file run20.csv (CSV, C-alpha atoms)
chain,number,residue,atom,x,y,z
A,1,MET,CA,0.0,0.0,0.0
A,2,PRO,CA,2.2,2.9,1.1
A,3,LEU,CA,5.5,3.9,-0.5
A,4,VAL,CA,8.2,4.7,2.1
A,5,ALA,CA,10.1,7.9,1.5
A,6,HIS,CA,13.4,6.5,2.6
A,7,THR,CA,15.4,9.0,0.4
A,8,PRO,CA,14.8,12.7,-0.5
A,9,LEU,CA,13.8,11.7,-4.1
A,10,PRO,CA,11.5,14.6,-5.3
A,11,THR,CA,9.2,12.0,-6.9
A,12,PHE,CA,7.9,11.2,-3.4
A,13,GLU,CA,6.7,14.8,-2.8
A,14,ARG,CA,5.1,14.9,-6.2
A,15,LEU,CA,3.2,11.7,-5.5
A,16,ARG,CA,2.0,13.1,-2.2
A,17,ARG,CA,0.6,16.1,-4.0
A,18,ASP,CA,-1.2,13.7,-6.4
A,19,GLY,CA,-2.9,12.0,-3.4
A,20,ILE,CA,-0.7,8.9,-3.2
A,21,THR,CA,0.1,7.6,0.3
A,22,VAL,CA,3.8,8.1,1.1
A,23,LEU,CA,5.1,7.3,4.6
A,24,SER,CA,8.1,8.8,6.3
A,25,THR,CA,10.7,6.3,7.5
A,26,GLU,CA,9.6,7.2,11.1
A,27,ARG,CA,6.0,6.4,10.4
A,28,ALA,CA,6.9,3.3,8.5
A,29,ALA,CA,8.9,2.0,11.4
A,30,ASN,CA,5.8,2.0,13.6
A,31,GLN,CA,3.7,0.1,11.1
A,32,GLU,CA,3.2,-3.6,11.5
A,33,ILE,CA,3.3,-4.2,7.8
A,34,ARG,CA,5.8,-6.3,5.9
A,35,GLU,CA,8.4,-4.5,3.7
A,36,LEU,CA,8.9,-5.2,0.1
A,37,HIS,CA,12.0,-3.9,-1.7
A,38,VAL,CA,11.4,-3.1,-5.4
A,39,GLY,CA,14.2,-2.0,-7.7
A,40,LEU,CA,13.7,0.3,-10.7
A,41,LEU,CA,16.3,0.1,-13.4
A,42,ASN,CA,15.5,3.4,-15.1
A,43,MET,CA,17.0,3.5,-18.6
A,44,MET,CA,14.8,6.2,-20.0
A,45,PRO,CA,16.3,9.3,-21.6
A,46,ASP,CA,16.7,12.5,-19.6
A,47,ALA,CA,13.4,14.0,-20.7
A,48,ALA,CA,11.4,11.0,-19.4
A,49,LEU,CA,13.6,10.0,-16.4
A,50,GLU,CA,11.6,11.5,-13.6
A,51,ALA,CA,8.2,11.0,-15.2
A,52,THR,CA,9.0,7.3,-15.5
A,53,GLU,CA,9.9,7.2,-11.8
A,54,ARG,CA,6.5,8.7,-10.9
A,55,GLN,CA,4.6,6.4,-13.3
A,56,PHE,CA,6.0,3.2,-11.9
A,57,TYR,CA,6.2,4.4,-8.3
A,58,ARG,CA,2.5,5.3,-8.5
A,59,LEU,CA,1.5,1.9,-9.8
A,60,VAL,CA,3.5,0.1,-7.1
A,61,GLY,CA,2.2,2.4,-4.4
A,62,GLU,CA,-1.4,1.9,-5.3
A,63,SER,CA,-1.1,-1.9,-5.7
A,64,ASN,CA,-1.3,-3.7,-2.4
A,65,PRO,CA,-2.7,-3.0,1.0
A,66,ILE,CA,-0.6,-5.4,3.0
A,67,ALA,CA,2.9,-4.2,2.3
A,68,GLN,CA,5.0,-1.0,2.5
A,69,PHE,CA,7.3,-0.4,-0.4
A,70,TYR,CA,10.9,0.6,-0.4
A,71,MET,CA,11.8,1.7,-3.9
A,72,HIS,CA,15.4,1.5,-5.1
A,73,PRO,CA,16.1,3.4,-8.4
A,74,PHE,CA,19.3,2.9,-10.3
A,75,THR,CA,20.5,3.2,-13.9
A,76,LEU,CA,23.4,2.2,-16.2
A,77,GLU,CA,26.5,4.4,-16.4
A,78,THR,CA,26.9,3.7,-20.1
A,79,LEU,CA,23.6,5.6,-20.9
A,80,PRO,CA,24.2,9.1,-22.3
A,81,ARG,CA,23.1,11.8,-19.8
A,82,GLY,CA,23.0,15.6,-19.6
A,83,ASP,CA,24.2,17.5,-16.5
A,84,LYS,CA,20.8,17.9,-14.9
A,85,ALA,CA,20.0,14.2,-15.1
A,86,ARG,CA,23.5,13.2,-13.9
A,87,ALA,CA,23.0,15.4,-10.9
A,88,HIS,CA,19.6,13.9,-10.1
A,89,ILE,CA,21.0,10.4,-10.5
A,90,ALA,CA,24.1,11.2,-8.4
A,91,ARG,CA,21.9,12.5,-5.6
A,92,HIS,CA,19.0,10.2,-5.6
A,93,TYR,CA,19.9,6.9,-7.3
A,94,GLU,CA,21.7,3.9,-5.9
A,95,LYS,CA,24.6,1.9,-7.3
A,96,PHE,CA,23.8,-1.5,-8.7
A,97,GLU,CA,26.7,-3.0,-6.7
A,98,ASP,CA,24.9,-1.9,-3.5
A,99,ILE,CA,21.5,-3.2,-4.6
A,100,ARG,CA,23.1,-6.5,-5.6
A,101,ALA,CA,24.6,-6.8,-2.1
A,102,ALA,CA,21.4,-5.9,-0.3
A,103,GLY,CA,19.0,-7.9,-2.5
A,104,LEU,CA,15.6,-7.1,-3.9
A,105,ASP,CA,12.1,-8.7,-3.7
A,106,ALA,CA,11.2,-7.5,-7.2
A,107,LEU,CA,12.7,-5.5,-10.0
A,108,ILE,CA,11.3,-3.3,-12.8
A,109,ILE,CA,13.4,-2.6,-15.9
A,110,THR,CA,12.2,0.3,-18.1
A,111,GLY,CA,12.6,0.9,-21.8
A,112,ALA,CA,15.4,3.0,-23.3
A,113,ASN,CA,16.2,4.9,-26.5
A,114,VAL,CA,18.4,2.8,-28.9
A,115,ARG,CA,20.7,3.8,-31.8
A,116,HIS,CA,21.4,0.4,-33.4
A,117,ALA,CA,19.3,-2.2,-35.2
A,118,ASN,CA,20.9,-5.0,-33.0
A,119,LEU,CA,20.4,-4.4,-29.3
A,120,ALA,CA,23.7,-6.2,-28.6
A,121,ASP,CA,25.5,-3.3,-30.3
A,122,GLU,CA,24.2,-0.8,-27.7
A,123,ALA,CA,26.6,0.5,-25.2
A,124,PHE,CA,24.2,-0.4,-22.4
A,125,TRP,CA,23.9,-4.1,-23.5
A,126,GLN,CA,26.5,-5.8,-21.3
A,127,PRO,CA,25.7,-3.8,-18.1
A,128,LEU,CA,22.0,-4.6,-18.8
A,129,ILE,CA,22.7,-8.3,-19.3
A,130,GLU,CA,24.6,-8.3,-16.0
A,131,VAL,CA,21.5,-7.0,-14.2
A,132,ILE,CA,19.3,-9.5,-16.0
A,133,ASP,CA,21.5,-12.4,-15.2
A,134,TRP,CA,21.7,-11.5,-11.5
A,135,ALA,CA,18.0,-11.0,-11.3
A,136,TRP,CA,17.2,-14.3,-12.8
A,137,ASP,CA,18.9,-16.1,-9.9
A,138,LYS,CA,18.4,-13.7,-7.1
A,139,VAL,CA,15.1,-11.7,-7.5
A,140,THR,CA,11.7,-13.3,-7.2
A,141,SER,CA,10.2,-11.5,-10.2
A,142,THR,CA,11.5,-9.0,-12.8
A,143,LEU,CA,9.0,-6.9,-14.8
A,144,CYS,CA,10.4,-5.9,-18.2
A,145,SER,CA,8.9,-2.9,-20.0
A,146,CYS,CA,9.1,-2.6,-23.8
A,147,LEU,CA,12.8,-2.4,-24.8
A,148,ALA,CA,13.7,-4.5,-21.7
A,149,THR,CA,11.3,-7.2,-22.9
A,150,HIS,CA,13.0,-7.2,-26.3
A,151,ALA,CA,16.5,-7.4,-24.7
A,152,VAL,CA,15.5,-10.4,-22.5
A,153,MET,CA,13.8,-12.2,-25.4
A,154,GLN,CA,17.0,-11.7,-27.5
A,155,PHE,CA,19.5,-12.6,-24.7
A,156,ARG,CA,17.8,-15.4,-23.0
A,157,TYR,CA,15.6,-16.9,-25.7
A,158,GLY,CA,17.4,-16.0,-29.0
A,159,GLN,CA,14.2,-14.2,-30.3
A,160,THR,CA,15.2,-11.0,-32.0
A,161,ARG,CA,12.7,-8.2,-32.3
A,162,VAL,CA,11.5,-7.2,-35.8
A,163,LEU,CA,11.3,-3.7,-37.2
A,164,GLN,CA,7.7,-2.9,-38.3
A,165,PRO,CA,6.7,-0.9,-41.5
A,166,ARG,CA,4.8,1.5,-39.3
A,167,LYS,CA,5.2,2.6,-35.7
A,168,ILE,CA,2.9,0.7,-33.3
A,169,TRP,CA,1.6,3.9,-31.7
A,170,GLY,CA,-1.6,4.7,-29.8
A,171,VAL,CA,-4.1,3.1,-27.4
A,172,PHE,CA,-5.1,-0.4,-28.5
A,173,GLU,CA,-7.8,-2.8,-27.4
A,174,HIS,CA,-6.5,-6.1,-25.8
A,175,ARG,CA,-7.9,-9.4,-24.7
A,176,VAL,CA,-6.9,-11.7,-21.9
A,177,THR,CA,-5.9,-15.1,-23.4
A,178,ASP,CA,-5.5,-17.1,-20.2
A,179,VAL,CA,-7.9,-16.0,-17.4
A,180,ARG,CA,-6.5,-18.6,-15.0
A,181,HIS,CA,-3.1,-17.0,-14.4
A,182,PRO,CA,-2.9,-15.0,-11.2
A,183,LEU,CA,-1.4,-11.9,-12.9
A,184,VAL,CA,-4.7,-11.3,-14.7
A,185,ALA,CA,-7.0,-12.5,-11.9
A,186,ASP,CA,-10.2,-10.3,-11.6
A,187,VAL,CA,-8.9,-8.1,-14.5
A,188,ASN,CA,-11.3,-7.1,-17.3
A,189,THR,CA,-11.1,-9.6,-20.1
A,190,ARG,CA,-10.9,-6.7,-22.6
A,191,PHE,CA,-9.0,-3.5,-21.9
A,192,ASP,CA,-6.8,-0.8,-23.4
A,193,VAL,CA,-3.1,-0.4,-23.3
A,194,PRO,CA,-0.9,2.4,-24.9
A,195,HIS,CA,2.0,1.3,-27.2
A,196,SER,CA,4.8,3.3,-28.6
A,197,ARG,CA,7.4,1.3,-30.5
A,198,TRP,CA,8.8,0.5,-34.0
A,199,ASN,CA,9.8,-3.1,-33.2
A,200,ASP,CA,7.8,-6.2,-32.2
A,201,VAL,CA,8.3,-9.6,-30.8
A,202,SER,CA,5.5,-11.7,-32.3
A,203,ARG,CA,3.2,-14.2,-30.7
A,204,ALA,CA,5.0,-16.9,-32.7
A,205,GLN,CA,8.3,-15.8,-31.2
A,206,PHE,CA,6.9,-15.9,-27.6
A,207,ASP,CA,5.5,-19.3,-28.3
A,208,ALA,CA,8.7,-20.6,-29.7
A,209,ALA,CA,10.5,-19.4,-26.6
A,210,GLY,CA,8.1,-21.2,-24.3
A,211,VAL,CA,6.9,-17.9,-22.9
A,212,LYS,CA,3.2,-17.8,-21.9
A,213,VAL,CA,1.2,-15.1,-23.5
A,214,LEU,CA,-1.5,-13.7,-21.2
A,215,VAL,CA,-2.7,-10.6,-23.0
A,216,GLU,CA,-2.6,-9.6,-26.7
A,217,SER,CA,-4.1,-7.3,-29.3
A,218,GLU,CA,-5.2,-8.0,-32.9
A,219,GLU,CA,-3.6,-4.7,-33.9
A,220,ALA,CA,-0.6,-4.2,-31.5
A,221,GLY,CA,0.4,-7.8,-30.9
A,222,VAL,CA,1.4,-9.3,-27.5
A,223,HIS,CA,1.3,-7.0,-24.5
A,224,LEU,CA,1.7,-9.2,-21.4
A,225,ALA,CA,3.6,-12.5,-21.2
A,226,VAL,CA,5.3,-14.5,-18.5
A,227,SER,CA,8.2,-17.0,-18.3
A,228,ARG,CA,7.5,-20.7,-18.2
A,229,ASP,CA,7.6,-20.8,-14.4
A,230,GLY,CA,4.8,-18.3,-14.2
A,231,LEU,CA,6.5,-15.4,-12.3
A,232,ARG,CA,10.3,-15.1,-12.7
A,233,THR,CA,10.1,-12.7,-15.7
A,234,VAL,CA,7.0,-10.7,-16.6
A,235,PHE,CA,7.0,-9.1,-20.1
A,236,PHE,CA,5.3,-5.9,-21.2
A,237,GLN,CA,5.4,-4.7,-24.8
A,238,GLY,CA,3.0,-1.9,-24.1
A,239,HIS,CA,3.2,1.0,-21.7
A,240,PRO,CA,0.4,0.6,-19.1
A,241,GLU,CA,2.4,2.9,-16.8
A,242,TYR,CA,1.8,5.9,-19.1
A,243,ASP,CA,0.2,9.1,-17.9
A,244,THR,CA,-2.9,10.4,-19.7
A,245,VAL,CA,-0.7,13.0,-21.5
A,246,SER,CA,2.3,10.7,-22.3
A,247,LEU,CA,1.4,10.0,-25.9
A,248,LEU,CA,0.5,13.7,-26.4
A,249,LYS,CA,4.0,14.7,-25.3
A,250,GLU,CA,5.5,12.2,-27.8
A,251,TYR,CA,3.3,13.6,-30.5
A,252,LYS,CA,4.2,17.2,-29.6
A,253,ARG,CA,7.9,16.3,-29.8
A,254,ASP,CA,7.6,14.8,-33.2
A,255,LEU,CA,5.3,17.4,-34.6
A,256,LEU,CA,7.6,20.2,-33.5
A,257,LEU,CA,10.5,18.4,-35.1
A,258,ALA,CA,8.6,18.1,-38.3
A,259,THR,CA,7.6,21.8,-38.3
A,260,ALA,CA,11.2,22.7,-37.7
A,261,GLY,CA,12.3,20.6,-40.7
A,262,ALA,CA,14.0,17.9,-38.6
A,263,LEU,CA,11.5,15.3,-39.8
A,264,ALA,CA,10.4,14.8,-43.3
A,265,GLU,CA,6.7,14.9,-42.5
A,266,PRO,CA,4.4,15.4,-39.5
A,267,PRO,CA,3.7,12.3,-37.4
A,268,PRO,CA,0.4,10.4,-37.8
A,269,PHE,CA,-2.1,10.7,-35.0
A,270,PRO,CA,-1.7,7.9,-32.4
A,271,ARG,CA,-4.5,5.4,-32.8
A,272,ARG,CA,-7.6,5.8,-30.7
A,273,TYR,CA,-6.1,8.6,-28.6
A,274,PHE,CA,-7.2,12.0,-30.1
A,275,ASP,CA,-10.9,12.6,-30.7
A,276,ARG,CA,-12.0,14.6,-33.8
A,277,LYS,CA,-11.9,17.9,-31.9
A,278,ALA,CA,-8.3,17.3,-30.7
A,279,GLN,CA,-7.3,16.3,-34.1
A,280,ALA,CA,-8.7,19.5,-35.5
A,281,PHE,CA,-6.7,21.6,-33.1
A,282,LEU,CA,-3.5,19.8,-33.9
A,283,ALA,CA,-4.1,19.8,-37.7
A,284,GLU,CA,-4.7,23.5,-37.6
A,285,PHE,CA,-1.5,24.1,-35.6
A,286,ALA,CA,0.5,22.0,-38.0
A,287,ARG,CA,-1.0,23.7,-41.1
A,288,ARG,CA,-0.4,27.3,-39.8
A,289,THR,CA,3.1,26.6,-38.5
A,290,ARG,CA,4.1,25.1,-41.8
A,291,ALA,CA,2.8,28.3,-43.4
A,292,GLY,CA,5.3,30.3,-41.3
A,293,GLU,CA,3.2,31.4,-38.4
A,294,THR,CA,4.6,31.3,-34.9
A,295,LEU,CA,2.0,29.7,-32.6
A,296,ALA,CA,1.9,28.1,-29.2
A,297,PHE,CA,1.3,24.3,-29.3
A,298,PRO,CA,-2.4,23.8,-28.4
A,299,GLU,CA,-1.8,21.7,-25.3
A,300,ALA,CA,-4.2,23.5,-23.1
A,301,GLU,CA,-7.0,22.9,-25.6
A,302,VAL,CA,-6.1,19.2,-26.2
A,303,VAL,CA,-5.5,17.9,-22.7
A,304,PRO,CA,-9.1,18.2,-21.5
A,305,LEU,CA,-10.2,16.1,-24.5
A,306,LEU,CA,-8.0,13.1,-23.6
A,307,ASP,CA,-9.3,10.0,-21.9
A,308,ASN,CA,-7.4,7.5,-19.8
A,309,THR,CA,-8.8,4.1,-20.5
A,310,TRP,CA,-6.0,1.9,-19.2
A,311,HIS,CA,-4.8,3.0,-15.7
A,312,ASP,CA,-7.3,1.0,-13.6
A,313,THR,CA,-6.4,-2.2,-15.4
A,314,ALA,CA,-2.7,-1.4,-15.1
A,315,GLU,CA,-3.1,-0.9,-11.4
A,316,ALA,CA,-4.9,-4.2,-11.1
A,317,VAL,CA,-2.2,-6.1,-13.0
A,318,ILE,CA,0.6,-4.5,-11.0
A,319,GLY,CA,-1.4,-5.3,-7.8
A,320,ASN,CA,-1.6,-9.0,-8.8
A,321,TRP,CA,2.1,-9.0,-9.6
A,322,ILE,CA,3.0,-7.5,-6.2
A,323,GLY,CA,0.6,-10.0,-4.6
A,324,CYS,CA,2.4,-12.9,-6.3
A,325,VAL,CA,5.8,-11.6,-5.2
A,326,TYR,CA,4.6,-11.1,-1.6
A,327,GLN,CA,3.3,-14.7,-1.7
A,328,VAL,CA,6.6,-16.3,-2.5
A,329,THR,CA,9.4,-14.1,-1.3
A,330,HIS,CA,11.4,-14.7,1.9
A,331,ARG,CA,13.9,-11.8,1.9
A,332,GLU,CA,14.9,-12.3,5.5
A,333,ARG,CA,16.8,-15.4,4.5
A,334,GLY,CA,18.4,-13.7,1.6
A,335,LEU,CA,16.6,-16.1,-0.8
A,336,PRO,CA,14.3,-15.2,-3.7
A,337,PHE,CA,11.7,-17.9,-2.6
A,338,MET,CA,10.3,-19.0,0.7
A,339,PRO,CA,11.3,-22.5,1.9
A,340,GLY,CA,9.2,-25.1,0.2
A,341,VAL,CA,8.4,-23.0,-2.8
A,342,ASP,CA,9.3,-24.7,-6.1
A,343,PRO,CA,11.4,-22.1,-8.1
A,344,ASP,CA,10.2,-23.7,-11.3
A,345,ASN,CA,6.6,-23.2,-10.4
A,346,PRO,CA,6.4,-20.8,-7.5
A,347,LEU,CA,2.7,-20.0,-7.9
A,348,GLY,CA,1.8,-23.7,-7.9
A,349,LEU,CA,0.2,-23.5,-11.3
A,350,ALA,CA,-1.4,-26.6,-12.7
call {"tool": "encode", "arguments": {"input": "run20.csv", "output": "structure tokens"}}
result
Amino acid sequence: MPLVAHTPLPTFERLRRDGITVLSTERAANQEIRELHVGLLNMMPDAALEATERQFYRLVGESNPIAQFYMHPFTLETLPRGDKARAHIARHYEKFEDIRAAGLDALIITGANVRHANLADEAFWQPLIEVIDWAWDKVTSTLCSCLATHAVMQFRYGQTRVLQPRKIWGVFEHRVTDVRHPLVADVNTRFDVPHSRWNDVSRAQFDAAGVKVLVESEEAGVHLAVSRDGLRTVFFQGHPEYDTVSLLKEYKRDLLLATAGALAEPPPFPRRYFDRKAQAFLAEFARRTRAGETLAFPEAEVVPLLDNTWHDTAEAVIGNWIGCVYQVTHRERGLPFMPGVDPDNPLGLA
């Protein structure tokens, strides 16, 4: 239930203002509630670094009424950073070496910007693989978001993502394909998830790897899948953590690049995200700026027209994930699983 502000990370105060329960360490010490320690390997670029903290912290903090959460953010030194982000990381983030020594109950790995067609050519590849390898043996469950899913599928299963002819971008309808799995217990059988990616790991590739698909979309492909044991690795290809305005910010970035001549043409509208009125505001802005006018981006007009159709389900899935982790962890012994829990089937799935 509550996050514990065990560091002065500004995200905690931002979440308090948003109505999320955040305990001080003094109050947490007086609570008879079990601790869960959750790592966040934040590989997002500088512009999204702190927003990504808030998005995942919010989902974890809203997820479970019988635990208090100590969040442990860290990143990879090989990722390019500007001065402001480096200062934020130096002040508020932990070192992987310290996290590895202390241990975690669960780990979240975010997406990242890439520069190469083959992920193995990225500067962050080897440090990321070191984290993935450690977590496989020492962390009860690792939740991989988007790029992290593609990295694990390539490294551990030999399934390389495939560049798509068009960006998978927008809010897509999904269906649960296995209602028996605890990760989707009591979740709507049909729900929305935002996606924003050029590459895809297909259903056939997940099946070939022996990875169980739990949620997929006819248009956007697989969203949620889980390793053969049912819990050790959880895969997201979509972005259920996104704020209501996240896709708008991405669209604004690309549209401004296009109007400045840095992109050949304006971006398409994300699927099922802008209504007709919002599209009209944005199309008018694009037309007039291309004609040479200097205008403010119509964010104030568009934001009230946006709907969030995914957060409740995202919260439910993360709640189920945290509940599964809580069920099988035994951190006091320094082990990823409680005594008597089968690491190959920790949830006792039939």
call {"tool": "residues_around", "arguments": {"input": "run20.csv", "residues": "range 147-161 of chain A", "least_positions_apart": "4", "cutoff": "10 Å", "atoms": "only C-alpha atoms", "output": "PyMOL selection string"}}
result
chain A and resi 41+43+108-114+117-120+125+128-129+132-133+143+197-202+204-206+208-211+224-225+233-238
call {"tool": "write_last_selection", "arguments": {"input": "run20.csv", "atoms": "C-alpha atoms", "output": "tab-separated table (two decimals), in the frame of the given file"}}
result
chain	number	residue	atom	x	y	z
A	41	LEU	CA	16.30	0.10	-13.40
A	43	MET	CA	17.00	3.50	-18.60
A	108	ILE	CA	11.30	-3.30	-12.80
A	109	ILE	CA	13.40	-2.60	-15.90
A	110	THR	CA	12.20	0.30	-18.10
A	111	GLY	CA	12.60	0.90	-21.80
A	112	ALA	CA	15.40	3.00	-23.30
A	113	ASN	CA	16.20	4.90	-26.50
A	114	VAL	CA	18.40	2.80	-28.90
A	117	ALA	CA	19.30	-2.20	-35.20
A	118	ASN	CA	20.90	-5.00	-33.00
A	119	LEU	CA	20.40	-4.40	-29.30
A	120	ALA	CA	23.70	-6.20	-28.60
A	125	TRP	CA	23.90	-4.10	-23.50
A	128	LEU	CA	22.00	-4.60	-18.80
A	129	ILE	CA	22.70	-8.30	-19.30
A	132	ILE	CA	19.30	-9.50	-16.00
A	133	ASP	CA	21.50	-12.40	-15.20
A	143	LEU	CA	9.00	-6.90	-14.80
A	197	ARG	CA	7.40	1.30	-30.50
A	198	TRP	CA	8.80	0.50	-34.00
A	199	ASN	CA	9.80	-3.10	-33.20
A	200	ASP	CA	7.80	-6.20	-32.20
A	201	VAL	CA	8.30	-9.60	-30.80
A	202	SER	CA	5.50	-11.70	-32.30
A	204	ALA	CA	5.00	-16.90	-32.70
A	205	GLN	CA	8.30	-15.80	-31.20
A	206	PHE	CA	6.90	-15.90	-27.60
A	208	ALA	CA	8.70	-20.60	-29.70
A	209	ALA	CA	10.50	-19.40	-26.60
A	210	GLY	CA	8.10	-21.20	-24.30
A	211	VAL	CA	6.90	-17.90	-22.90
A	224	LEU	CA	1.70	-9.20	-21.40
A	225	ALA	CA	3.60	-12.50	-21.20
A	233	THR	CA	10.10	-12.70	-15.70
A	234	VAL	CA	7.00	-10.70	-16.60
A	235	PHE	CA	7.00	-9.10	-20.10
A	236	PHE	CA	5.30	-5.90	-21.20
A	237	GLN	CA	5.40	-4.70	-24.80
A	238	GLY	CA	3.00	-1.90	-24.10
call {"tool": "atom_distance", "arguments": {"input": "run20.csv", "atom1": "CA of Gly230 in chain A", "atom2": "CA of Val60 in chain A"}}
result
19.8 Å
call {"tool": "closest_residue", "arguments": {"input": "run20.csv", "among": "A:Pro2, A:Pro270, A:Pro182, A:Gly39", "to": "Gln68 in chain A", "atoms": "all atoms listed in the file"}}
result
A:Pro2
call {"tool": "closest_residue", "arguments": {"input": "run20.csv", "among": "A:Ile20, A:Val162, A:Ala102, A:Val171", "to": "Asn308 in chain A", "atoms": "all atoms listed in the file"}}
result
A:Val171
call {"tool": "closest_residue", "arguments": {"input": "run20.csv", "among": "A:Val222, A:Ala48, A:Leu9, A:Ala316", "to": "Leu247 in chain A", "atoms": "only C-alpha atoms"}}
result
A:Ala48
call {"tool": "closest_residue", "arguments": {"input": "run20.csv", "among": "A:Val139, A:Cys324, A:Val303, A:Leu49", "to": "Leu248 in chain A", "atoms": "only C-alpha atoms"}}
result
A:Val303
call {"tool": "closest_residue", "arguments": {"input": "run20.csv", "among": "A:Pro10, A:Pro267, A:Pro339, A:Gly82", "to": "Glu250 in chain A", "atoms": "all atoms listed in the file"}}
result
A:Pro267
call {"tool": "residues_around", "arguments": {"input": "run20.csv", "residues": "Ala101 in chain A", "least_positions_apart": "5", "cutoff": "12 Å", "atoms": "only C-alpha atoms", "output": "PDB file with C-alpha atoms, in the coordinates of the input"}}
result
ATOM      1  CA  GLU A  94      21.700   3.900  -5.900  1.00  0.00           C
ATOM      2  CA  LYS A  95      24.600   1.900  -7.300  1.00  0.00           C
ATOM      3  CA  PHE A  96      23.800  -1.500  -8.700  1.00  0.00           C
ATOM      4  CA  TRP A 134      21.700 -11.500 -11.500  1.00  0.00           C
ATOM      5  CA  LYS A 138      18.400 -13.700  -7.100  1.00  0.00           C
ATOM      6  CA  VAL A 139      15.100 -11.700  -7.500  1.00  0.00           C
ATOM      7  CA  GLY A 334      18.400 -13.700   1.600  1.00  0.00           C
TER       8      GLY A 334
END
call {"tool": "atom_distance", "arguments": {"input": "run20.csv", "atom1": "CA of Arg272 in chain A", "atom2": "CA of Gly170 in chain A"}}
result
6.2 Å
call {"tool": "residues_near_point", "arguments": {"input": "run20.csv", "point": "(1.7, 7.3, 3.1)", "cutoff": "8 Å", "atoms": "all atoms listed in the file", "output": "PDB file with C-alpha atoms, keeping the file's coordinate frame"}}
result
ATOM      1  CA  PRO A   2       2.200   2.900   1.100  1.00  0.00           C
ATOM      2  CA  LEU A   3       5.500   3.900  -0.500  1.00  0.00           C
ATOM      3  CA  VAL A   4       8.200   4.700   2.100  1.00  0.00           C
ATOM      4  CA  ARG A  16       2.000  13.100  -2.200  1.00  0.00           C
ATOM      5  CA  ILE A  20      -0.700   8.900  -3.200  1.00  0.00           C
ATOM      6  CA  THR A  21       0.100   7.600   0.300  1.00  0.00           C
ATOM      7  CA  VAL A  22       3.800   8.100   1.100  1.00  0.00           C
ATOM      8  CA  LEU A  23       5.100   7.300   4.600  1.00  0.00           C
ATOM      9  CA  SER A  24       8.100   8.800   6.300  1.00  0.00           C
TER      10      SER A  24
END
call {"tool": "atom_distance", "arguments": {"input": "run20.csv", "atom1": "CA of Thr177 in chain A", "atom2": "CA of Val215 in chain A"}}
result
5.5 Å
call {"tool": "closest_residue", "arguments": {"input": "run20.csv", "among": "A:Phe124, A:Tyr242, A:Phe269, A:Phe285", "to": "Leu59 in chain A", "atoms": "all atoms listed in the file"}}
result
A:Tyr242
call {"tool": "build_atoms", "arguments": {"input": "run20.csv", "residues": "range 12-23 of chain A", "atoms": "N, CA and C atoms", "output": "PDB file, in the coordinates of the input"}}
result
ATOM      1  N   PHE A  12       8.740  11.485  -4.497  1.00  0.00           N
ATOM      2  CA  PHE A  12       7.900  11.200  -3.400  1.00  0.00           C
ATOM      3  C   PHE A  12       6.944  12.372  -3.061  1.00  0.00           C
ATOM      4  N   GLU A  13       7.486  13.581  -3.059  1.00  0.00           N
ATOM      5  CA  GLU A  13       6.700  14.800  -2.800  1.00  0.00           C
ATOM      6  C   GLU A  13       5.670  15.002  -3.879  1.00  0.00           C
ATOM      7  N   ARG A  14       6.066  14.761  -5.110  1.00  0.00           N
ATOM      8  CA  ARG A  14       5.100  14.900  -6.200  1.00  0.00           C
ATOM      9  C   ARG A  14       3.967  13.936  -6.101  1.00  0.00           C
ATOM     10  N   LEU A  15       4.257  12.708  -5.712  1.00  0.00           N
ATOM     11  CA  LEU A  15       3.200  11.700  -5.500  1.00  0.00           C
ATOM     12  C   LEU A  15       2.291  12.070  -4.373  1.00  0.00           C
ATOM     13  N   ARG A  16       2.863  12.612  -3.301  1.00  0.00           N
ATOM     14  CA  ARG A  16       2.000  13.100  -2.200  1.00  0.00           C
ATOM     15  C   ARG A  16       1.010  14.109  -2.666  1.00  0.00           C
ATOM     16  N   ARG A  17       1.479  15.063  -3.473  1.00  0.00           N
ATOM     17  CA  ARG A  17       0.600  16.100  -4.000  1.00  0.00           C
ATOM     18  C   ARG A  17      -0.490  15.515  -4.886  1.00  0.00           C
ATOM     19  N   ASP A  18      -0.184  14.374  -5.501  1.00  0.00           N
ATOM     20  CA  ASP A  18      -1.200  13.700  -6.400  1.00  0.00           C
ATOM     21  C   ASP A  18      -2.102  12.795  -5.588  1.00  0.00           C
ATOM     22  N   GLY A  19      -1.950  12.751  -4.257  1.00  0.00           N
ATOM     23  CA  GLY A  19      -2.900  12.000  -3.400  1.00  0.00           C
ATOM     24  C   GLY A  19      -2.425  10.558  -3.139  1.00  0.00           C
ATOM     25  N   ILE A  20      -1.181  10.203  -3.497  1.00  0.00           N
ATOM     26  CA  ILE A  20      -0.700   8.900  -3.200  1.00  0.00           C
ATOM     27  C   ILE A  20      -0.128   8.815  -1.797  1.00  0.00           C
ATOM     28  N   THR A  21      -0.418   7.750  -1.061  1.00  0.00           N
ATOM     29  CA  THR A  21       0.100   7.600   0.300  1.00  0.00           C
ATOM     30  C   THR A  21       1.571   7.349   0.307  1.00  0.00           C
ATOM     31  N   VAL A  22       2.315   8.223   0.961  1.00  0.00           N
ATOM     32  CA  VAL A  22       3.800   8.100   1.100  1.00  0.00           C
ATOM     33  C   VAL A  22       4.125   8.284   2.554  1.00  0.00           C
ATOM     34  N   LEU A  23       4.723   7.275   3.162  1.00  0.00           N
ATOM     35  CA  LEU A  23       5.100   7.300   4.600  1.00  0.00           C
ATOM     36  C   LEU A  23       6.515   7.843   4.745  1.00  0.00           C
TER      37      LEU A  23
END
